[in-house]
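Structure data follow from my_file_16.cif (mmCIF, C-alpha atoms, pLDDT in the B column; chains and numbers go by the auth columns):
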data_model
#
loop_
_atom_site.group_PDB
_atom_site.id
_atom_site.type_symbol
_atom_site.label_atom_id
_atom_site.label_comp_id
_atom_site.label_asym_id
_atom_site.label_seq_id
_atom_site.Cartn_x
_atom_site.Cartn_y
_atom_site.Cartn_z
_atom_site.B_iso_or_equiv
_atom_site.auth_seq_id
_atom_site.auth_asym_id
ATOM 1 C CA MET A 1 -6.067 22.472 -30.658 73.00 14 A
ATOM 2 C CA ASN A 2 -7.987 25.348 -29.115 83.00 15 A
ATOM 3 C CA TYR A 3 -9.859 22.854 -26.959 80.00 16 A
ATOM 4 C CA LEU A 4 -6.582 21.495 -25.589 84.00 17 A
ATOM 5 C CA LYS A 5 -5.212 24.983 -24.903 86.00 18 A
ATOM 6 C CA ASN A 6 -8.400 26.006 -23.131 87.00 19 A
ATOM 7 C CA GLN A 7 -8.451 22.857 -21.031 86.00 20 A
ATOM 8 C CA ILE A 8 -4.811 23.282 -19.999 86.00 21 A
ATOM 9 C CA TYR A 9 -5.468 26.890 -19.067 85.00 22 A
ATOM 10 C CA TYR A 10 -8.669 26.317 -17.094 84.00 23 A
ATOM 11 C CA THR A 11 -7.406 23.099 -15.491 87.00 24 A
ATOM 12 C CA PHE A 12 -3.986 24.288 -14.342 89.00 25 A
ATOM 13 C CA ILE A 13 -3.468 28.026 -14.753 89.00 26 A
ATOM 14 C CA HIS A 14 -6.783 29.756 -14.098 86.00 27 A
ATOM 15 C CA GLU A 15 -7.137 30.642 -10.388 85.00 28 A
ATOM 16 C CA HIS A 16 -3.806 28.847 -9.814 89.00 29 A
ATOM 17 C CA ARG A 17 -5.589 25.502 -9.959 90.00 30 A
ATOM 18 C CA TYR A 18 -2.304 23.674 -10.364 90.00 31 A
ATOM 19 C CA ARG A 19 -1.943 24.135 -6.622 94.00 32 A
ATOM 20 C CA LEU A 20 -4.906 21.823 -6.124 93.00 33 A
ATOM 21 C CA PHE A 21 -3.095 19.137 -8.082 94.00 34 A
ATOM 22 C CA VAL A 22 0.123 19.673 -6.123 94.00 35 A
ATOM 23 C CA ASP A 23 -1.713 19.398 -2.806 95.00 36 A
ATOM 24 C CA GLY A 24 -3.737 16.403 -4.029 95.00 37 A
ATOM 25 C CA ILE A 25 -0.613 14.579 -5.185 95.00 38 A
ATOM 26 C CA GLY A 26 0.975 15.272 -1.806 96.00 39 A
ATOM 27 C CA ILE A 27 -1.997 13.750 0.033 96.00 40 A
ATOM 28 C CA THR A 28 -2.080 10.720 -2.270 96.00 41 A
ATOM 29 C CA LEU A 29 1.659 10.136 -1.845 95.00 42 A
ATOM 30 C CA LEU A 30 1.391 10.539 1.934 96.00 43 A
ATOM 31 C CA LEU A 31 -1.458 8.039 2.200 96.00 44 A
ATOM 32 C CA THR A 32 0.185 5.572 -0.174 95.00 45 A
ATOM 33 C CA VAL A 33 3.695 5.637 1.270 95.00 46 A
ATOM 34 C CA ALA A 34 2.601 5.781 4.924 96.00 47 A
ATOM 35 C CA SER A 35 0.078 2.938 4.612 96.00 48 A
ATOM 36 C CA PHE A 36 2.524 0.854 2.568 95.00 49 A
ATOM 37 C CA LEU A 37 5.472 1.238 4.963 95.00 50 A
ATOM 38 C CA PHE A 38 3.430 0.862 8.150 97.00 51 A
ATOM 39 C CA GLY A 39 1.412 -1.877 6.485 96.00 52 A
ATOM 40 C CA THR A 40 4.620 -3.769 5.714 95.00 53 A
ATOM 41 C CA LEU A 41 5.597 -3.641 9.383 96.00 54 A
ATOM 42 C CA PHE A 42 2.108 -4.643 10.494 97.00 55 A
ATOM 43 C CA GLY A 43 2.040 -7.426 7.899 96.00 56 A
ATOM 44 C CA ILE A 44 5.312 -8.880 9.191 95.00 57 A
ATOM 45 C CA ILE A 45 3.979 -8.862 12.760 96.00 58 A
ATOM 46 C CA LEU A 46 0.656 -10.349 11.683 96.00 59 A
ATOM 47 C CA CYS A 47 2.381 -13.089 9.669 94.00 60 A
ATOM 48 C CA ALA A 48 4.663 -13.911 12.603 93.00 61 A
ATOM 49 C CA ALA A 49 1.588 -14.230 14.819 95.00 62 A
ATOM 50 C CA ARG A 50 -0.115 -16.504 12.275 93.00 63 A
ATOM 51 C CA ARG A 51 2.896 -18.820 12.290 90.00 64 A
ATOM 52 C CA SER A 52 3.108 -18.867 16.062 90.00 65 A
ATOM 53 C CA ARG A 53 3.252 -22.250 17.780 88.00 66 A
ATOM 54 C CA ARG A 54 0.507 -21.093 20.124 92.00 67 A
ATOM 55 C CA ASN A 55 -2.807 -22.060 18.565 93.00 68 A
ATOM 56 C CA THR A 56 -4.704 -19.192 20.182 95.00 69 A
ATOM 57 C CA VAL A 57 -2.327 -16.576 18.772 94.00 70 A
ATOM 58 C CA SER A 58 -2.223 -18.240 15.364 94.00 71 A
ATOM 59 C CA LEU A 59 -5.988 -18.593 15.027 95.00 72 A
ATOM 60 C CA THR A 60 -6.623 -15.045 16.242 95.00 73 A
ATOM 61 C CA ALA A 61 -4.142 -13.613 13.733 95.00 74 A
ATOM 62 C CA ALA A 62 -5.655 -15.697 10.919 94.00 75 A
ATOM 63 C CA LYS A 63 -9.161 -14.451 11.729 95.00 76 A
ATOM 64 C CA ILE A 64 -7.988 -10.830 11.917 95.00 77 A
ATOM 65 C CA THR A 65 -6.316 -11.216 8.535 95.00 78 A
ATOM 66 C CA ALA A 66 -9.432 -12.750 6.991 94.00 79 A
ATOM 67 C CA VAL A 67 -11.681 -9.970 8.320 94.00 80 A
ATOM 68 C CA LEU A 68 -9.364 -7.190 7.138 94.00 81 A
ATOM 69 C CA VAL A 69 -8.997 -8.713 3.675 93.00 82 A
ATOM 70 C CA GLN A 70 -12.718 -9.295 3.127 94.00 83 A
ATOM 71 C CA ILE A 71 -14.084 -5.941 4.334 93.00 84 A
ATOM 72 C CA PRO A 72 -14.266 -3.369 1.486 94.00 85 A
ATOM 73 C CA THR A 73 -11.822 -0.510 1.972 94.00 86 A
ATOM 74 C CA MET A 74 -14.458 2.214 1.894 94.00 87 A
ATOM 75 C CA VAL A 75 -16.609 0.423 4.462 94.00 88 A
ATOM 76 C CA MET A 76 -13.616 -0.118 6.726 93.00 89 A
ATOM 77 C CA LEU A 77 -12.603 3.537 6.579 95.00 90 A
ATOM 78 C CA MET A 78 -16.161 4.674 7.327 94.00 91 A
ATOM 79 C CA ILE A 79 -16.264 2.347 10.331 92.00 92 A
ATOM 80 C CA MET A 80 -12.964 3.797 11.544 91.00 93 A
ATOM 81 C CA VAL A 81 -13.937 7.443 11.038 92.00 94 A
ATOM 82 C CA TYR A 82 -17.655 7.516 11.852 92.00 95 A
ATOM 83 C CA LEU A 83 -18.217 4.551 14.168 92.00 96 A
ATOM 84 C CA ILE A 84 -15.157 3.640 16.210 91.00 97 A
ATOM 85 C CA PHE A 85 -13.614 7.115 16.399 92.00 98 A
ATOM 86 C CA GLY A 86 -16.750 9.167 15.694 86.00 99 A
ATOM 87 C CA GLU A 87 -16.418 11.157 18.908 87.00 100 A
ATOM 88 C CA SER A 88 -12.639 11.331 18.833 89.00 101 A
ATOM 89 C CA SER A 89 -10.564 14.442 18.124 91.00 102 A
ATOM 90 C CA ILE A 90 -8.058 12.444 16.082 92.00 103 A
ATOM 91 C CA PRO A 91 -7.679 14.009 12.601 94.00 104 A
ATOM 92 C CA VAL A 92 -9.489 12.162 9.831 94.00 105 A
ATOM 93 C CA LEU A 93 -6.247 11.926 7.845 95.00 106 A
ATOM 94 C CA VAL A 94 -4.586 9.990 10.687 95.00 107 A
ATOM 95 C CA LEU A 95 -7.569 7.638 10.979 95.00 108 A
ATOM 96 C CA VAL A 96 -7.506 6.997 7.241 96.00 109 A
ATOM 97 C CA ILE A 97 -3.789 6.174 7.363 96.00 110 A
ATOM 98 C CA ILE A 98 -4.458 3.736 10.219 95.00 111 A
ATOM 99 C CA GLY A 99 -7.301 2.102 8.311 95.00 112 A
ATOM 100 C CA LEU A 100 -5.300 1.795 5.097 96.00 113 A
ATOM 101 C CA THR A 101 -2.349 0.450 7.097 97.00 114 A
ATOM 102 C CA LEU A 102 -4.488 -2.333 8.561 96.00 115 A
ATOM 103 C CA LYS A 103 -5.844 -3.207 5.132 96.00 116 A
ATOM 104 C CA THR A 104 -2.423 -3.175 3.461 96.00 117 A
ATOM 105 C CA GLY A 105 -0.869 -5.101 6.348 96.00 118 A
ATOM 106 C CA ALA A 106 -3.392 -7.890 5.946 96.00 119 A
ATOM 107 C CA TYR A 107 -2.546 -8.256 2.248 96.00 120 A
ATOM 108 C CA ILE A 108 1.203 -8.164 2.902 96.00 121 A
ATOM 109 C CA SER A 109 0.790 -10.750 5.650 96.00 122 A
ATOM 110 C CA GLU A 110 -0.772 -13.062 3.067 94.00 123 A
ATOM 111 C CA ILE A 111 2.090 -12.390 0.640 94.00 124 A
ATOM 112 C CA ILE A 112 4.764 -13.175 3.223 93.00 125 A
ATOM 113 C CA ASN A 113 2.942 -16.247 4.493 93.00 126 A
ATOM 114 C CA THR A 114 2.599 -17.611 0.956 91.00 127 A
ATOM 115 C CA ALA A 115 6.282 -16.976 0.244 91.00 128 A
ATOM 116 C CA LEU A 116 7.323 -18.735 3.464 90.00 129 A
ATOM 117 C CA ASN A 117 5.166 -21.740 2.641 89.00 130 A
ATOM 118 C CA ALA A 118 6.943 -21.998 -0.702 87.00 131 A
ATOM 119 C CA VAL A 119 10.333 -22.613 0.963 86.00 132 A
ATOM 120 C CA ASP A 120 11.363 -26.245 0.511 84.00 133 A
ATOM 121 C CA PRO A 121 11.522 -27.975 3.926 84.00 134 A
ATOM 122 C CA GLY A 122 14.371 -30.094 2.563 84.00 135 A
ATOM 123 C CA GLU A 123 16.546 -26.994 2.257 83.00 136 A
ATOM 124 C CA LEU A 124 15.880 -26.110 5.884 80.00 137 A
ATOM 125 C CA GLU A 125 16.854 -29.609 6.926 82.00 138 A
ATOM 126 C CA ALA A 126 20.027 -29.340 4.838 82.00 139 A
ATOM 127 C CA ALA A 127 20.897 -26.044 6.536 81.00 140 A
ATOM 128 C CA ARG A 128 20.550 -27.663 9.955 81.00 141 A
ATOM 129 C CA THR A 129 22.717 -30.565 8.807 80.00 142 A
ATOM 130 C CA LEU A 130 25.424 -28.100 7.781 80.00 143 A
ATOM 131 C CA GLY A 131 25.358 -26.650 11.279 80.00 144 A
ATOM 132 C CA MET A 132 23.766 -23.317 10.408 84.00 145 A
ATOM 133 C CA SER A 133 22.189 -21.377 13.239 81.00 146 A
ATOM 134 C CA ARG A 134 18.564 -20.223 13.023 81.00 147 A
ATOM 135 C CA VAL A 135 19.733 -16.716 12.118 82.00 148 A
ATOM 136 C CA GLN A 136 22.041 -18.022 9.384 82.00 149 A
ATOM 137 C CA THR A 137 19.311 -20.283 8.029 84.00 150 A
ATOM 138 C CA PHE A 138 16.899 -17.371 7.849 82.00 151 A
ATOM 139 C CA ARG A 139 19.432 -15.060 6.203 82.00 152 A
ATOM 140 C CA TYR A 140 20.962 -17.396 3.648 81.00 153 A
ATOM 141 C CA VAL A 141 18.160 -19.892 2.962 85.00 154 A
ATOM 142 C CA ILE A 142 14.737 -18.498 3.860 84.00 155 A
ATOM 143 C CA LEU A 143 15.027 -14.761 3.189 84.00 156 A
ATOM 144 C CA PRO A 144 16.387 -14.968 -0.393 85.00 157 A
ATOM 145 C CA GLN A 145 13.604 -17.344 -1.393 85.00 158 A
ATOM 146 C CA VAL A 146 10.935 -15.231 0.300 86.00 159 A
ATOM 147 C CA ILE A 147 12.162 -12.174 -1.599 84.00 160 A
ATOM 148 C CA ASN A 148 12.280 -14.008 -4.925 84.00 161 A
ATOM 149 C CA THR A 149 8.822 -15.479 -4.444 85.00 162 A
ATOM 150 C CA GLY A 150 7.075 -12.467 -2.976 86.00 163 A
ATOM 151 C CA ILE A 151 8.708 -9.459 -4.654 84.00 164 A
ATOM 152 C CA SER A 152 6.315 -9.384 -7.628 84.00 165 A
ATOM 153 C CA LEU A 153 3.237 -9.534 -5.397 89.00 166 A
ATOM 154 C CA TYR A 154 4.818 -6.989 -3.059 90.00 167 A
ATOM 155 C CA LYS A 155 5.335 -4.531 -5.929 87.00 168 A
ATOM 156 C CA ASN A 156 1.763 -5.049 -7.060 90.00 169 A
ATOM 157 C CA GLN A 157 0.597 -4.355 -3.520 92.00 170 A
ATOM 158 C CA PHE A 158 2.109 -0.873 -3.768 92.00 171 A
ATOM 159 C CA ILE A 159 -0.142 -0.251 -6.763 92.00 172 A
ATOM 160 C CA VAL A 160 -3.133 -1.643 -4.879 93.00 173 A
ATOM 161 C CA SER A 161 -2.338 0.585 -1.880 94.00 174 A
ATOM 162 C CA MET A 162 -2.193 3.611 -4.144 93.00 175 A
ATOM 163 C CA GLN A 163 -5.468 2.698 -5.832 92.00 176 A
ATOM 164 C CA GLU A 164 -7.247 2.250 -2.511 94.00 177 A
ATOM 165 C CA THR A 165 -6.456 5.848 -1.543 94.00 178 A
ATOM 166 C CA SER A 166 -8.802 7.002 -4.320 93.00 179 A
ATOM 167 C CA VAL A 167 -11.856 6.474 -2.090 93.00 180 A
ATOM 168 C CA VAL A 168 -10.793 8.916 0.648 95.00 181 A
ATOM 169 C CA GLY A 169 -12.483 11.828 -1.120 92.00 182 A
ATOM 170 C CA TYR A 170 -15.759 10.541 0.338 90.00 183 A
ATOM 171 C CA LEU A 171 -14.307 11.312 3.764 92.00 184 A
ATOM 172 C CA ALA A 172 -13.619 14.972 2.900 88.00 185 A
ATOM 173 C CA ILE A 173 -9.930 14.392 2.165 94.00 186 A
ATOM 174 C CA VAL A 174 -8.790 16.173 -0.988 94.00 187 A
ATOM 175 C CA ASP A 175 -6.615 13.593 -2.693 94.00 188 A
ATOM 176 C CA ILE A 176 -5.815 13.590 -6.397 94.00 189 A
ATOM 177 C CA THR A 177 -9.085 11.858 -7.329 93.00 190 A
ATOM 178 C CA ARG A 178 -11.066 14.418 -5.360 94.00 191 A
ATOM 179 C CA VAL A 179 -9.132 17.192 -7.108 94.00 192 A
ATOM 180 C CA SER A 180 -10.276 15.762 -10.434 92.00 193 A
ATOM 181 C CA SER A 181 -13.908 16.081 -9.333 92.00 194 A
ATOM 182 C CA ILE A 182 -13.376 19.633 -8.098 93.00 195 A
ATOM 183 C CA ILE A 183 -11.715 20.737 -11.329 92.00 196 A
ATOM 184 C CA ALA A 184 -14.383 19.016 -13.438 91.00 197 A
ATOM 185 C CA SER A 185 -17.132 20.879 -11.554 90.00 198 A
ATOM 186 C CA ARG A 186 -15.451 24.199 -12.355 89.00 199 A
ATOM 187 C CA THR A 187 -14.543 23.546 -15.987 87.00 200 A
ATOM 188 C CA MET A 188 -17.729 21.597 -16.728 86.00 201 A
ATOM 189 C CA ASP A 189 -15.547 19.028 -18.492 84.00 202 A
ATOM 190 C CA SER A 190 -14.568 15.843 -16.671 85.00 203 A
ATOM 191 C CA TYR A 191 -12.639 14.189 -19.500 89.00 204 A
ATOM 192 C CA PHE A 192 -9.456 16.239 -19.417 91.00 205 A
ATOM 193 C CA SER A 193 -9.065 16.211 -15.621 90.00 206 A
ATOM 194 C CA LEU A 194 -9.646 12.447 -15.550 91.00 207 A
ATOM 195 C CA ILE A 195 -6.956 11.924 -18.178 92.00 208 A
ATOM 196 C CA VAL A 196 -4.550 14.062 -16.155 92.00 209 A
ATOM 197 C CA VAL A 197 -5.301 12.145 -12.956 93.00 210 A
ATOM 198 C CA THR A 198 -4.895 8.828 -14.771 93.00 211 A
ATOM 199 C CA LEU A 199 -1.437 9.860 -15.956 94.00 212 A
ATOM 200 C CA ILE A 200 -0.500 11.000 -12.447 94.00 213 A
ATOM 201 C CA TYR A 201 -1.534 7.664 -10.932 94.00 214 A
ATOM 202 C CA PHE A 202 0.401 5.825 -13.634 94.00 215 A
ATOM 203 C CA LEU A 203 3.560 7.835 -12.950 93.00 216 A
ATOM 204 C CA ILE A 204 3.292 7.330 -9.181 91.00 217 A
ATOM 205 C CA GLY A 205 2.808 3.577 -9.614 89.00 218 A
ATOM 206 C CA PHE A 206 5.619 3.298 -12.158 90.00 219 A
ATOM 207 C CA ALA A 207 8.047 5.230 -9.947 90.00 220 A
ATOM 208 C CA GLY A 208 7.050 3.206 -6.889 87.00 221 A
ATOM 209 C CA LYS A 209 7.657 -0.143 -8.606 84.00 222 A
ATOM 210 C CA LYS A 210 11.031 1.024 -9.909 85.00 223 A
ATOM 211 C CA LEU A 211 12.022 2.131 -6.407 84.00 224 A
ATOM 212 C CA ILE A 212 11.047 -1.241 -4.950 80.00 225 A
ATOM 213 C CA ASP A 213 13.071 -2.944 -7.702 78.00 226 A
ATOM 214 C CA LEU A 214 16.089 -0.843 -6.730 79.00 227 A
ATOM 215 C CA MET A 215 15.651 -1.652 -3.046 72.00 228 A
ATOM 216 C CA GLY A 216 15.237 -5.347 -3.877 63.00 229 A
ATOM 217 C CA ASN A 217 18.485 -5.389 -5.858 65.00 230 A
ATOM 218 C CA ARG A 218 20.363 -3.760 -3.008 60.00 231 A
ATOM 219 C CA LYS A 219 18.823 -6.254 -0.577 54.00 232 A
ATOM 220 C CA HIS A 220 20.143 -9.132 -2.673 52.00 233 A
ATOM 221 C CA MET A 221 23.615 -7.551 -2.663 51.00 234 A
ATOM 222 C CA VAL A 222 23.547 -7.241 1.136 49.00 235 A
ATOM 223 C CA ILE A 223 22.401 -10.852 1.584 49.00 236 A
ATOM 224 C CA GLU A 224 24.990 -12.198 -0.824 50.00 237 A
ATOM 225 C CA GLY A 225 27.674 -10.111 0.853 52.00 238 A
#

Could I get this file's structure written as structure tokens?
Amino acid sequence: MNYLKNQIYYTFIHEHRYRLFVDGIGITLLLTVASFLFGTLFGIILCAARRSRRNTVSLTAAKITAVLVQIPTMVMLMIMVYLIFGESSIPVLVLVIIGLTLKTGAYISEIINTALNAVDPGELEAARTLGMSRVQTFRYVILPQVINTGISLYKNQFIVSMQETSVVGYLAIVDITRVSSIIASRTMDSYFSLIVVTLIYFLIGFAGKKLIDLMGNRKHMVIEG
């Protein structure tokens, strides 16, 4: 019991160390939400390019997707920060968001492309037979199926995006994982801070998936309306 009290005191209260956790959570949330939202937009654009009728555009988009998916996140961020923009005055945080956005966008592009491929061509043909326009076909036939097929993978991608932010501490960004290392070096006990950080990541992921569920339900209501 004394151990727990001491760890709580020296982890959160002593020297106002709770502020480190607050700041670290803020950075983690910023990186996760920004890369996920911008990555969704980039993924839609990349998927549209992959499905283009122009072979050059389609092949280029497919190769870009493959490269972004296969390169490890840490390596990609180091290339962005130290190689491509090594002499730039752009803040490291902005470069990291761009790098994570590209990575997330590539994954989301794959999710959307897979969901689109799962749409039954016979249903599209039936929609044309009924006289539906391309917009109506997309709204009432394609989009609901894409959401149903891809929503689970999309929610999981939020978790993946959050997890990938844990490497940014190597680039001198104090996220929640980096805070854990800092606190452990001061308390000389890594176990308690790691448990705290694990719980924080779990809560962020849980809240994010619930929010996506809520947005998905509202999207279904709008489509059905």

Report task. Specify as a PyMOL selection string each residue included when the PyMOL selection byres ((chain A and resi 167) around 10) is applied to this file. Result -> chain A and resi 49+53+120-121+124-125+160+162-166+168-173+222+225

Could you give me, as a Markdown table, every range 164-225 of chain A residue with an atom at most 10 Å from range 76-95 of chain A, plus its closest atom pair and distance in Å to one decimal, counting only C-alpha atoms, rows ordered by chain then number?
| residue | atom | partner | partner_atom | distance |
| --- | --- | --- | --- | --- |
| A:Glu177 | CA | A:Thr86 | CA | 7.0 |
| A:Thr178 | CA | A:Thr86 | CA | 9.0 |
| A:Ser179 | CA | A:Met87 | CA | 9.7 |
| A:Val180 | CA | A:Met87 | CA | 6.4 |
| A:Val181 | CA | A:Met87 | CA | 7.7 |
| A:Tyr183 | CA | A:Met87 | CA | 8.6 |
| A:Leu184 | CA | A:Met91 | CA | 7.8 |

Query raised in the report: Excluding same-chain residues fewer than 5 positions from range 31-35 of chain A, what lies within 8 Å of it counting all atoms listed in the file, as a ChimeraX atom specification?
Result: /A:24-26,189,192

Query - Cut-off 7 Å around (2.2, -13.1, 8.2) with only C-alpha atoms: residues as a ChimeraX atom specification - result: /A:56-63,122-123,125-126

Filtering to C-alpha atoms, could you give me those residues as a short mmCIF file (atom, residue, chain, number, x, y, z; two decimals), in the frame of the given file?
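The resulting selection-v5.cif:
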data_model
loop_
_atom_site.label_atom_id
_atom_site.label_comp_id
_atom_site.auth_asym_id
_atom_site.auth_seq_id
_atom_site.Cartn_x
_atom_site.Cartn_y
_atom_site.Cartn_z
CA GLY A 56 2.04 -7.43 7.90
CA ILE A 57 5.31 -8.88 9.19
CA ILE A 58 3.98 -8.86 12.76
CA LEU A 59 0.66 -10.35 11.68
CA CYS A 60 2.38 -13.09 9.67
CA ALA A 61 4.66 -13.91 12.60
CA ALA A 62 1.59 -14.23 14.82
CA ARG A 63 -0.12 -16.50 12.28
CA SER A 122 0.79 -10.75 5.65
CA GLU A 123 -0.77 -13.06 3.07
CA ILE A 125 4.76 -13.18 3.22
CA ASN A 126 2.94 -16.25 4.49
#

Requested in this report: Report the residues retrieved by the PyMOL selection byres ((chain A and resi 208-216) around 8) from the displayed file, expressed as a PyMOL selection string.
Outcome: chain A and resi 175+189-190+193+204-207+217-220

With the input short on atoms, add N, CA and C atoms back to range 48-73 of chain A and write it as a PDB file, keeping the file's coordinate frame.
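The resulting file, selection00.pdb, is reproduced below:
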ATOM      1  N   SER A  48       0.810   4.199   4.422  1.00 96.00           N
ATOM      2  CA  SER A  48       0.078   2.938   4.612  1.00 96.00           C
ATOM      3  C   SER A  48       0.896   1.751   4.121  1.00 96.00           C
ATOM      4  N   PHE A  49       1.718   1.950   3.100  1.00 95.00           N
ATOM      5  CA  PHE A  49       2.524   0.854   2.568  1.00 95.00           C
ATOM      6  C   PHE A  49       3.662   0.500   3.525  1.00 95.00           C
ATOM      7  N   LEU A  50       4.356   1.502   4.042  1.00 95.00           N
ATOM      8  CA  LEU A  50       5.472   1.238   4.963  1.00 95.00           C
ATOM      9  C   LEU A  50       4.978   0.686   6.296  1.00 95.00           C
ATOM     10  N   PHE A  51       3.982   1.353   6.888  1.00 97.00           N
ATOM     11  CA  PHE A  51       3.430   0.862   8.150  1.00 97.00           C
ATOM     12  C   PHE A  51       2.712  -0.467   7.942  1.00 97.00           C
ATOM     13  N   GLY A  52       2.084  -0.623   6.784  1.00 96.00           N
ATOM     14  CA  GLY A  52       1.412  -1.877   6.485  1.00 96.00           C
ATOM     15  C   GLY A  52       2.394  -3.028   6.346  1.00 96.00           C
ATOM     16  N   THR A  53       3.585  -2.738   5.806  1.00 95.00           N
ATOM     17  CA  THR A  53       4.620  -3.769   5.714  1.00 95.00           C
ATOM     18  C   THR A  53       5.025  -4.244   7.109  1.00 95.00           C
ATOM     19  N   LEU A  54       5.235  -3.293   8.005  1.00 96.00           N
ATOM     20  CA  LEU A  54       5.597  -3.641   9.383  1.00 96.00           C
ATOM     21  C   LEU A  54       4.475  -4.426  10.062  1.00 96.00           C
ATOM     22  N   PHE A  55       3.247  -3.951   9.895  1.00 97.00           N
ATOM     23  CA  PHE A  55       2.108  -4.643  10.494  1.00 97.00           C
ATOM     24  C   PHE A  55       1.927  -6.031   9.880  1.00 97.00           C
ATOM     25  N   GLY A  56       2.170  -6.136   8.578  1.00 96.00           N
ATOM     26  CA  GLY A  56       2.040  -7.426   7.899  1.00 96.00           C
ATOM     27  C   GLY A  56       3.052  -8.441   8.400  1.00 96.00           C
ATOM     28  N   ILE A  57       4.283  -7.986   8.652  1.00 95.00           N
ATOM     29  CA  ILE A  57       5.312  -8.880   9.191  1.00 95.00           C
ATOM     30  C   ILE A  57       4.901  -9.393  10.575  1.00 95.00           C
ATOM     31  N   ILE A  58       4.413  -8.480  11.409  1.00 96.00           N
ATOM     32  CA  ILE A  58       3.979  -8.862  12.760  1.00 96.00           C
ATOM     33  C   ILE A  58       2.793  -9.823  12.689  1.00 96.00           C
ATOM     34  N   LEU A  59       1.848  -9.515  11.806  1.00 96.00           N
ATOM     35  CA  LEU A  59       0.656 -10.349  11.683  1.00 96.00           C
ATOM     36  C   LEU A  59       1.018 -11.735  11.156  1.00 96.00           C
ATOM     37  N   CYS A  60       1.947 -11.792  10.209  1.00 94.00           N
ATOM     38  CA  CYS A  60       2.381 -13.089   9.669  1.00 94.00           C
ATOM     39  C   CYS A  60       3.108 -13.904  10.734  1.00 94.00           C
ATOM     40  N   ALA A  61       3.950 -13.215  11.521  1.00 93.00           N
ATOM     41  CA  ALA A  61       4.663 -13.911  12.603  1.00 93.00           C
ATOM     42  C   ALA A  61       3.675 -14.502  13.604  1.00 93.00           C
ATOM     43  N   ALA A  62       2.606 -13.740  13.884  1.00 95.00           N
ATOM     44  CA  ALA A  62       1.588 -14.230  14.819  1.00 95.00           C
ATOM     45  C   ALA A  62       0.849 -15.431  14.226  1.00 95.00           C
ATOM     46  N   ARG A  63       0.584 -15.390  12.930  1.00 93.00           N
ATOM     47  CA  ARG A  63      -0.115 -16.504  12.275  1.00 93.00           C
ATOM     48  C   ARG A  63       0.708 -17.784  12.305  1.00 93.00           C
ATOM     49  N   ARG A  64       2.020 -17.649  12.300  1.00 90.00           N
ATOM     50  CA  ARG A  64       2.896 -18.820  12.290  1.00 90.00           C
ATOM     51  C   ARG A  64       3.373 -19.183  13.693  1.00 90.00           C
ATOM     52  N   SER A  65       2.751 -18.571  14.682  1.00 90.00           N
ATOM     53  CA  SER A  65       3.108 -18.867  16.062  1.00 90.00           C
ATOM     54  C   SER A  65       2.753 -20.311  16.417  1.00 90.00           C
ATOM     55  N   ARG A  66       3.519 -20.887  17.334  1.00 88.00           N
ATOM     56  CA  ARG A  66       3.252 -22.250  17.780  1.00 88.00           C
ATOM     57  C   ARG A  66       2.079 -22.308  18.752  1.00 88.00           C
ATOM     58  N   ARG A  67       1.664 -21.155  19.239  1.00 92.00           N
ATOM     59  CA  ARG A  67       0.507 -21.093  20.124  1.00 92.00           C
ATOM     60  C   ARG A  67      -0.756 -21.008  19.264  1.00 92.00           C
ATOM     61  N   ASN A  68      -1.611 -21.989  19.399  1.00 93.00           N
ATOM     62  CA  ASN A  68      -2.807 -22.060  18.565  1.00 93.00           C
ATOM     63  C   ASN A  68      -3.709 -20.846  18.713  1.00 93.00           C
ATOM     64  N   THR A  69      -3.839 -20.348  19.947  1.00 95.00           N
ATOM     65  CA  THR A  69      -4.704 -19.192  20.182  1.00 95.00           C
ATOM     66  C   THR A  69      -4.222 -17.976  19.412  1.00 95.00           C
ATOM     67  N   VAL A  70      -2.910 -17.722  19.484  1.00 94.00           N
ATOM     68  CA  VAL A  70      -2.327 -16.576  18.772  1.00 94.00           C
ATOM     69  C   VAL A  70      -2.464 -16.763  17.265  1.00 94.00           C
ATOM     70  N   SER A  71      -2.168 -17.959  16.793  1.00 94.00           N
ATOM     71  CA  SER A  71      -2.223 -18.240  15.364  1.00 94.00           C
ATOM     72  C   SER A  71      -3.635 -18.098  14.802  1.00 94.00           C
ATOM     73  N   LEU A  72      -4.611 -18.666  15.493  1.00 95.00           N
ATOM     74  CA  LEU A  72      -5.988 -18.593  15.027  1.00 95.00           C
ATOM     75  C   LEU A  72      -6.524 -17.169  15.067  1.00 95.00           C
ATOM     76  N   THR A  73      -6.182 -16.444  16.130  1.00 95.00           N
ATOM     77  CA  THR A  73      -6.623 -15.045  16.242  1.00 95.00           C
ATOM     78  C   THR A  73      -6.065 -14.201  15.103  1.00 95.00           C
TER      79      THR A  73
END
